[in-house]
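Below is one structure; the comments refer to it alone.
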Amino acid sequence: MAHADLPTHLDQHQDQGKDEQRAVTQPTQLQKARKRFLKGLSYFAGDMEPFGKWMSKQFILLQILDWVLRGAAQVMFVNNPLSGLIIFGGLILQNYWWALNGFVGTLFATISALILQQNRGAIAAGLYGYNGILVGLLMAVFSNAGDWYWWLLLPNAFMSMMCPIVSSALGSINSRWDLPVFTLPFNILVCLHMVATGHFNHHFPQVLIQPRTELPNITWAEIDVPKLFMSVPVGVGQVYGCDNPWTGGIFIISLFISSPVTCAHAVLGSAVGMVSGLALAAPFGDIYFGLWGYNCVLACIAVGGMFYALTWQVHLLAIVCAFFCAYLGSAIANVMSRFGLPACTWPFCLSALTFLLLTTETKRILKLPLAKVMYPEKNLAYYWKLKKQEKREKAEAEKKEKEEQDRAAKEEMFLNEKEQLRLELERMKESKNRQLEEEKMTDDHISIQVCPPHAAESE
Amino acid sequence: MAHADLPTHLDQHQDQGKDEQRAVTQPTQLQKARKRFLKGLSYFAGDMEPFGKWMSKQFILLQILDWVLRGAAQVMFVNNPLSGLIIFGGLILQNYWWALNGFVGTLFATISALILQQNRGAIAAGLYGYNGILVGLLMAVFSNAGDWYWWLLLPNAFMSMMCPIVSSALGSINSRWDLPVFTLPFNILVCLHMVATGHFNHHFPQVLIQPRTELPNITWAEIDVPKLFMSVPVGVGQVYGCDNPWTGGIFIISLFISSPVTCAHAVLGSAVGMVSGLALAAPFGDIYFGLWGYNCVLACIAVGGMFYALTWQVHLLAIVCAFFCAYLGSAIANVMSRFGLPACTWPFCLSALTFLLLTTETKRILKLPLAKVMYPEKNLAYYWKLKKQEKREKAEAEKKEKEEQDRAAKEEMFLNEKEQLRLELERMKESKNRQLEEEKMTDDHISIQVCPPHAAESE
Amino acid sequence: MAHADLPTHLDQHQDQGKDEQRAVTQPTQLQKARKRFLKGLSYFAGDMEPFGKWMSKQFILLQILDWVLRGAAQVMFVNNPLSGLIIFGGLILQNYWWALNGFVGTLFATISALILQQNRGAIAAGLYGYNGILVGLLMAVFSNAGDWYWWLLLPNAFMSMMCPIVSSALGSINSRWDLPVFTLPFNILVCLHMVATGHFNHHFPQVLIQPRTELPNITWAEIDVPKLFMSVPVGVGQVYGCDNPWTGGIFIISLFISSPVTCAHAVLGSAVGMVSGLALAAPFGDIYFGLWGYNCVLACIAVGGMFYALTWQVHLLAIVCAFFCAYLGSAIANVMSRFGLPACTWPFCLSALTFLLLTTETKRILKLPLAKVMYPEKNLAYYWKLKKQEKREKAEAEKKEKEEQDRAAKEEMFLNEKEQLRLELERMKESKNRQLEEEKMTDDHISIQVCPPHAAESE
């Protein structure tokens, strides 16, 4: 989530440049078609980079709209304005008033980040908007004053504008462990507003949430299987506080457009949450309402390919994290209900942070540096590149070593040959010497002149 | 608050030395008067440095008294024994027993810091006493055993002596982000004592605090405007748990003596808290009682010039922080009441820490390094010095660049002239040569002697 | 607790090697006997290093059994399989079902650490097992479904397997301050399970824990002194959730085998807890039941010689820490009871972490680096070695300085002598000069030739 986009983009462009060069040398029909398809895809899938670039030259109000839409989608770690637009569509389908509050929240959070001169790249990626949309939406959802209570926009705007401050402060702490802030600012600010006013308030009353004080009535015969299956999209919808299954379905589509891996993990997380609810004997109503799903959705997306490079081990870890998150969700909901508060996305934040702080000695679980986090598919490409590079380096090192060995062997052979030649030469010289010495015996005068060079050579 | 005094003092003395030197060169009547006034002021305003220095040579018991008085004032970030004395006066006006407990708390906390061999400079600045006075005072305030229950001095002394331990431990953590510990040790220890014993205790019963369970009765017609205005000084008094407006007024005076900026922000913060209380539909009784003010007072002082250098942007930030703190105050009070606890100064600590962790890309919001934090006026001087230095360096860099350009231009001109001279000379020589050659034609013998020097020169 | 064993072991071996070499040079009868005794002791006391080494070559299942036993003892910071075996004996004496759950917890936690490829040395020291045994035991203790409710093994296994993940995550944070994770993972996971299910649950109901709402009935005449003394071993037993005084006694024996210092501090801590309970007017039942003791036991062990080198100052600090821990224990128990939760060992963790974060300027309170933490006796030996080395270095530095001074003095003396000789020589020359000058008066011709050398010498 909190990643600096620009430098990594440059990297990719250079790589693309190289790829194109290679492609130019041997362009087949298939490669061309594939390239054209990928380019077409990049116009609306992934993080819509070409669109973002084109946008950066437009009028500021249009840019802010782009940032607001990206912010709406960033709740699910998606940096894509088209997904954001579809999500707003889903919100409108759910409730006009909520959608309006969400929009106001995102807008004010983004403007506040601009005023506070936060990092422009992060603002443009919607990283200052996603807490705003959640603050706006959930303050409307949990308000007990009914829809179209216009005064609510006042605390909504104030709390949204506090988002970048809290984000920045938490970022200062989390960056020490290279961790994102997730939706912690939203959790803090919405809980703050709700508990500061409470149910018994004249201006901003909240819905009444109370702890359970008796055994819930659970008869397994009464279970409604279609509703149980419906709880999977509802769980995805509850990320934005929406209980309409169609809205949840629209959200799933918006995820698929940007990143199929994210979409798959979202659905998987929601299903894990539903199963956990049944295992821990939760009231069926809560499960149908998606309350067991939404945290698992987010936790499963975050661990499953977003902040870790997707391998089989990481996929299993994501499922374990979703189970842990469901457990944590029930615990936090029970604790918070004592204060009249909902669980918000605290369970997701805490479980995902725990799993991101994990250190192991295996190489198959690689936590990406925060600055390199894009979306699962691109992260995977980065991981493969890293691995390939490592392999290449290893191969090169091996090759070098082999060459060294070969050269050493050759040299040795050469030296041996040289040595043999030298020995032969010496032998020849010695025989010559002997001859000379023999001659010396006969003629002492000559031997004195001849000897010195031989002496020098034998040294 | 947690700053090492000694090195910075040395810096200032050197600076003063320079200032005096400059002053000696051109002493006008006005400058002399101003200097004398500032010197007189330094005997009782600011951090009373000359007095502190004089004290450091006195008997240890007298020194400890100085440290206790500074500790009493450090609750409001004021390092001034005179302010501390006035504050104790205010406390005595409020309640003798509370004042005694406060004194015992400060004394034991300071002694404990000496035993644990904490930094002597920090002890002398009262940085180990301010949590002690709050612990002592508030344990007396919230005790349900009535005044003059002498057994209370036992846990009071124990908890005060724990202050330096908790301060040191929190300091180890907060120093990673260059943050002070504020009144966190006091919050932790008083809540510890209150919740460990609780309302239903034979030895140390606490006053009963319960959560709100019905709509408070608020009729705007019944609002008492004079009481509302009185709530501003009462809010300042509530920093020490005092509800007497005269005590609050005395505290305001003690702040003004040391630092007018601090005093202004204290009053501003209290007013912001009162307005927030009205906005969030708080019962009027709470507002009149100053419960909405005291956290905002501290937060507004901390952000407004104490840990940030005071600029207009920082002043606005301090007001935003005060509003946020009021919101947080209501939230924390509601949460803590579930455990029978008061909000203490948790809201101030959390909001001020959040705003101190904020990072922006603007230069107008400068967080001072903790070791350089003195009091707002001195901080501002430090900030201006920094800015002036930066400007000077920039100007010098520009000047140097310009000089370089000038020299380069001159050199070029000089080189051009030289070149022209050389060319002329060459032309002259050539003409001479030609003459000589002509002569050579007539006399070969002479030409041989003349040629060599010319050849050397043309090399 | 969380220390890398291998490197330190190597260190010691080298040291032992040196010791043996020294011993070989002068082996007396007494030294031999002492050596043989220490070697015999090392087979079952301390961390049973020879046994651990022998084990590392055995079949993996046998190794895992060793790790599980060490894990059981590591709850009390003891890295000794024999102590672990005795502790399991104590648990069986208390309750078969609890012992089984504890074993399952330790086993699954250790296996999970192996799967997650955690540090092998830490696993072999039982550092991934001790949270597992506590999770297993306490989930059984606080279950309201009665003994032999086999379904409980499912969440038991899941939570135990989460232990290494939470340990690793907390380790990433705490390692920044070189702090161990203590039993925080156990606290987090057991509270998680209990509050996620709660008292009103069909599958996994928990015992009902409720906050106190009236004055407890305390009449000092009814105090039962034998029970009060019995509460000391019961307090030690409550570390594992056992209220049987015999079980507690067995645990004390198991501690004594490994480290008498640890054992003494455990008993001391339990006694301090009991006294604190009386001081804070706790119901006698809670004190008899050991609820005031177990946190103090752990805190007193941790501070008293385990993570600090044992000096008199540290011993006093450990007692203060135990008192603070008792206070904190009462506070946390009251807070947690609002959520139907027990205090677990939160008080121990928080108080010990606070005291380990303490920084002072005295050298008598030395916090050992985490990698060097073994058991109190060995830590003390390390501290003495450090001190001896420091002394030696200081002595050497002094010796060097003295030698330097001597040499300087000698040189000076030598120089003085030289100077005197030179002066004498000069005087002689001068007298000669004067003679010559006198001669010059008579004979100008000669003086011209003689002068120059004299002039050169006077330069």
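Each chain of the structure tokens is named A, B, ... in the order shown, its residues numbered from 1; ligands are numbered from 1 in display order.
Residues within 10 Å of Cys263 of chain B, counting only C-alpha atoms and excluding same-chain residues fewer than 3 positions away, are Met76, Val236, Phe251, Ile252, Ile253, Ser254, Leu255, Phe256, Ile257, Ser258, Ser259, Pro260, Ala266, Val267, Leu268, Gly269, Val297 and Ile301 of chain B.
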Define the interface residues of chain A facing chain C as those within 8 Å, counting only C-alpha atoms, and report them as an MDAnalysis selection string. chainID A and resid 177 212:216 279:281 327:332 334:335 338 354:362
Those same residues, written as a tab-separated table (two decimals), in the first residue's frame with N, CA, C and O atoms?
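As a result, selection-v8.tsv now contains:
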```tsv
chain	number	residue	atom	x	y	z
A	177	TRP	N	9.84	-0.99	10.84
A	177	TRP	CA	9.80	-2.42	10.54
A	177	TRP	C	9.37	-2.64	9.09
A	177	TRP	O	8.96	-3.73	8.74
A	212	ARG	N	-22.82	-9.74	24.33
A	212	ARG	CA	-23.73	-10.88	24.45
A	212	ARG	C	-23.77	-11.30	25.92
A	212	ARG	O	-22.74	-11.39	26.57
A	213	THR	N	-24.98	-11.54	26.45
A	213	THR	CA	-25.06	-11.93	27.86
A	213	THR	C	-25.81	-13.23	28.06
A	213	THR	O	-26.15	-13.60	29.19
A	214	GLU	N	-26.12	-13.92	26.97
A	214	GLU	CA	-26.75	-15.24	27.13
A	214	GLU	C	-26.38	-16.12	25.93
A	214	GLU	O	-25.92	-15.61	24.89
A	215	LEU	N	-26.61	-17.41	26.08
A	215	LEU	CA	-26.29	-18.35	25.01
A	215	LEU	C	-27.11	-18.03	23.76
A	215	LEU	O	-28.34	-17.88	23.86
A	216	PRO	N	-26.48	-17.88	22.60
A	216	PRO	CA	-27.26	-17.65	21.37
A	216	PRO	C	-28.01	-18.92	21.01
A	216	PRO	O	-27.56	-20.03	21.33
A	279	ALA	N	-17.37	-22.93	12.98
A	279	ALA	CA	-16.54	-23.71	13.91
A	279	ALA	C	-16.61	-23.14	15.32
A	279	ALA	O	-16.57	-23.89	16.29
A	280	LEU	N	-16.70	-21.82	15.43
A	280	LEU	CA	-16.71	-21.21	16.76
A	280	LEU	C	-18.12	-20.94	17.27
A	280	LEU	O	-18.31	-20.17	18.20
A	281	ALA	N	-19.10	-21.59	16.66
A	281	ALA	CA	-20.48	-21.53	17.13
A	281	ALA	C	-21.01	-20.11	17.19
A	281	ALA	O	-21.60	-19.69	18.20
A	327	TYR	N	-10.63	-15.77	14.09
A	327	TYR	CA	-10.56	-15.95	15.54
A	327	TYR	C	-10.43	-14.59	16.23
A	327	TYR	O	-11.17	-14.22	17.15
A	328	LEU	N	-9.46	-13.82	15.74
A	328	LEU	CA	-9.18	-12.50	16.29
A	328	LEU	C	-10.40	-11.59	16.13
A	328	LEU	O	-10.70	-10.77	17.00
A	329	GLY	N	-11.10	-11.76	15.01
A	329	GLY	CA	-12.28	-10.93	14.74
A	329	GLY	C	-13.32	-11.13	15.80
A	329	GLY	O	-13.90	-10.17	16.34
A	330	SER	N	-13.58	-12.40	16.14
A	330	SER	CA	-14.56	-12.69	17.17
A	330	SER	C	-14.13	-12.11	18.51
A	330	SER	O	-14.94	-11.52	19.24
A	331	ALA	N	-12.83	-12.27	18.82
A	331	ALA	CA	-12.30	-11.76	20.10
A	331	ALA	C	-12.46	-10.25	20.18
A	331	ALA	O	-12.97	-9.72	21.17
A	332	ILE	N	-12.03	-9.56	19.13
A	332	ILE	CA	-12.07	-8.11	19.17
A	332	ILE	C	-13.50	-7.59	19.18
A	332	ILE	O	-13.82	-6.62	19.88
A	334	ASN	N	-16.03	-9.01	20.57
A	334	ASN	CA	-16.54	-9.16	21.94
A	334	ASN	C	-15.97	-8.10	22.87
A	334	ASN	O	-16.69	-7.57	23.73
A	335	VAL	N	-14.68	-7.80	22.72
A	335	VAL	CA	-14.06	-6.78	23.58
A	335	VAL	C	-14.65	-5.40	23.28
A	335	VAL	O	-15.04	-4.66	24.19
A	338	ARG	N	-18.11	-4.15	24.54
A	338	ARG	CA	-18.23	-3.62	25.92
A	338	ARG	C	-18.22	-2.10	25.91
A	338	ARG	O	-18.68	-1.46	26.85
A	354	THR	N	0.96	-9.04	12.26
A	354	THR	CA	1.64	-10.18	12.90
A	354	THR	C	2.30	-11.07	11.86
A	354	THR	O	3.47	-11.44	11.99
A	355	PHE	N	1.54	-11.39	10.80
A	355	PHE	CA	2.09	-12.30	9.78
A	355	PHE	C	3.17	-11.61	8.94
A	355	PHE	O	4.03	-12.28	8.38
A	356	LEU	N	3.14	-10.29	8.85
A	356	LEU	CA	4.20	-9.61	8.10
A	356	LEU	C	5.46	-9.44	8.95
A	356	LEU	O	6.55	-9.25	8.41
A	357	LEU	N	5.32	-9.52	10.26
A	357	LEU	CA	6.49	-9.41	11.14
A	357	LEU	C	7.22	-10.74	11.28
A	357	LEU	O	8.33	-10.80	11.81
A	358	LEU	N	6.57	-11.80	10.81
A	358	LEU	CA	7.15	-13.14	10.90
A	358	LEU	C	8.49	-13.21	10.17
A	358	LEU	O	8.63	-12.72	9.07
A	359	THR	N	9.47	-13.84	10.82
A	359	THR	CA	10.75	-14.08	10.13
A	359	THR	C	11.02	-15.58	10.11
A	359	THR	O	10.82	-16.26	11.12
A	360	THR	N	11.43	-16.09	8.96
A	360	THR	CA	11.77	-17.51	8.86
A	360	THR	C	13.10	-17.63	8.13
A	360	THR	O	13.60	-16.67	7.57
A	361	GLU	N	13.64	-18.84	8.17
A	361	GLU	CA	14.92	-19.06	7.48
A	361	GLU	C	14.73	-19.68	6.10
A	361	GLU	O	15.69	-20.02	5.44
A	362	THR	N	13.45	-19.81	5.66
A	362	THR	CA	13.22	-20.34	4.31
A	362	THR	C	13.18	-19.21	3.29
A	362	THR	O	12.75	-18.10	3.60
```
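Atom CA of Lys372 of chain C lies 21.1 Å from atom CA of Tyr43 of chain C.
Once Pro347 of chain C and its same-chain neighbours fewer than 3 positions away are set aside, Asn295, Cys325, Ala326, Leu328, Gly329, Ile332, Ala343, Cys344, Leu350 and Ser351 of chain C remain within 8 Å of it when counting only C-alpha atoms.
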Neighbours of Val261 of chain C within 8 Å (only C-alpha atoms; same-chain residues fewer than 5 positions away dropped), as a list in words? Phe256, Gly305, Pro376 and Glu377 of chain C
Go ahead and write the selection's residues with N, CA, C and O atoms as a PDB file, in the first residue's frame.
```
ATOM      1  N   PHE C 256      15.482 -25.948  41.761  1.00  0.00           N
ATOM      2  CA  PHE C 256      16.717 -26.043  42.529  1.00  0.00           C
ATOM      3  C   PHE C 256      17.759 -26.884  41.799  1.00  0.00           C
ATOM      4  O   PHE C 256      18.950 -26.565  41.821  1.00  0.00           O
ATOM      5  N   GLY C 305      18.898 -11.838  38.386  1.00  0.00           N
ATOM      6  CA  GLY C 305      20.003 -12.691  37.976  1.00  0.00           C
ATOM      7  C   GLY C 305      19.873 -13.315  36.610  1.00  0.00           C
ATOM      8  O   GLY C 305      20.857 -13.836  36.077  1.00  0.00           O
ATOM      9  N   PRO C 376      21.375 -17.859  35.946  1.00  0.00           N
ATOM     10  CA  PRO C 376      21.992 -16.860  36.842  1.00  0.00           C
ATOM     11  C   PRO C 376      23.448 -17.149  37.196  1.00  0.00           C
ATOM     12  O   PRO C 376      24.273 -16.238  37.185  1.00  0.00           O
ATOM     13  N   GLU C 377      23.773 -18.400  37.504  1.00  0.00           N
ATOM     14  CA  GLU C 377      25.132 -18.714  37.928  1.00  0.00           C
ATOM     15  C   GLU C 377      26.117 -18.452  36.789  1.00  0.00           C
ATOM     16  O   GLU C 377      27.183 -17.871  36.999  1.00  0.00           O
TER      17      GLU C 377
END
```
How would you write, as a PyMOL selection string, the set of residues in segment 156-267 of chain A that DSSP gives as helix (DSSP H, G or I)? chain A and resi 156-177+184-197+220-222+225-240+245-258+260-267
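The space between atom CA of Met374 of chain B and atom CA of Ile123 of chain B spans 15.0 Å.
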When you draw a straight line from atom CA of Leu65 of chain A to atom CA of Thr110 of chain A, how long is it in Å? 9.8 Å
Which residues, written as a VMD selection string, have at least one atom at most 10 Å from Leu317 of chain B, with only C-alpha atoms counted and residues fewer than 2 positions away on the same chain left out? chain B and resid 300 303 to 304 308 311 to 315 319 to 323 355 365
Give me the residues within 12 Å of Ala221 of chain C as a ChimeraX atom specification, counting only C-alpha atoms and dropping any in the same chain fewer than 4 places off. /C:217,225,284
Between A:Ile188, A:Leu82, A:Cys163, A:Leu421, smallest distance to Glu49 of chain A by only C-alpha atoms belongs to A:Leu82
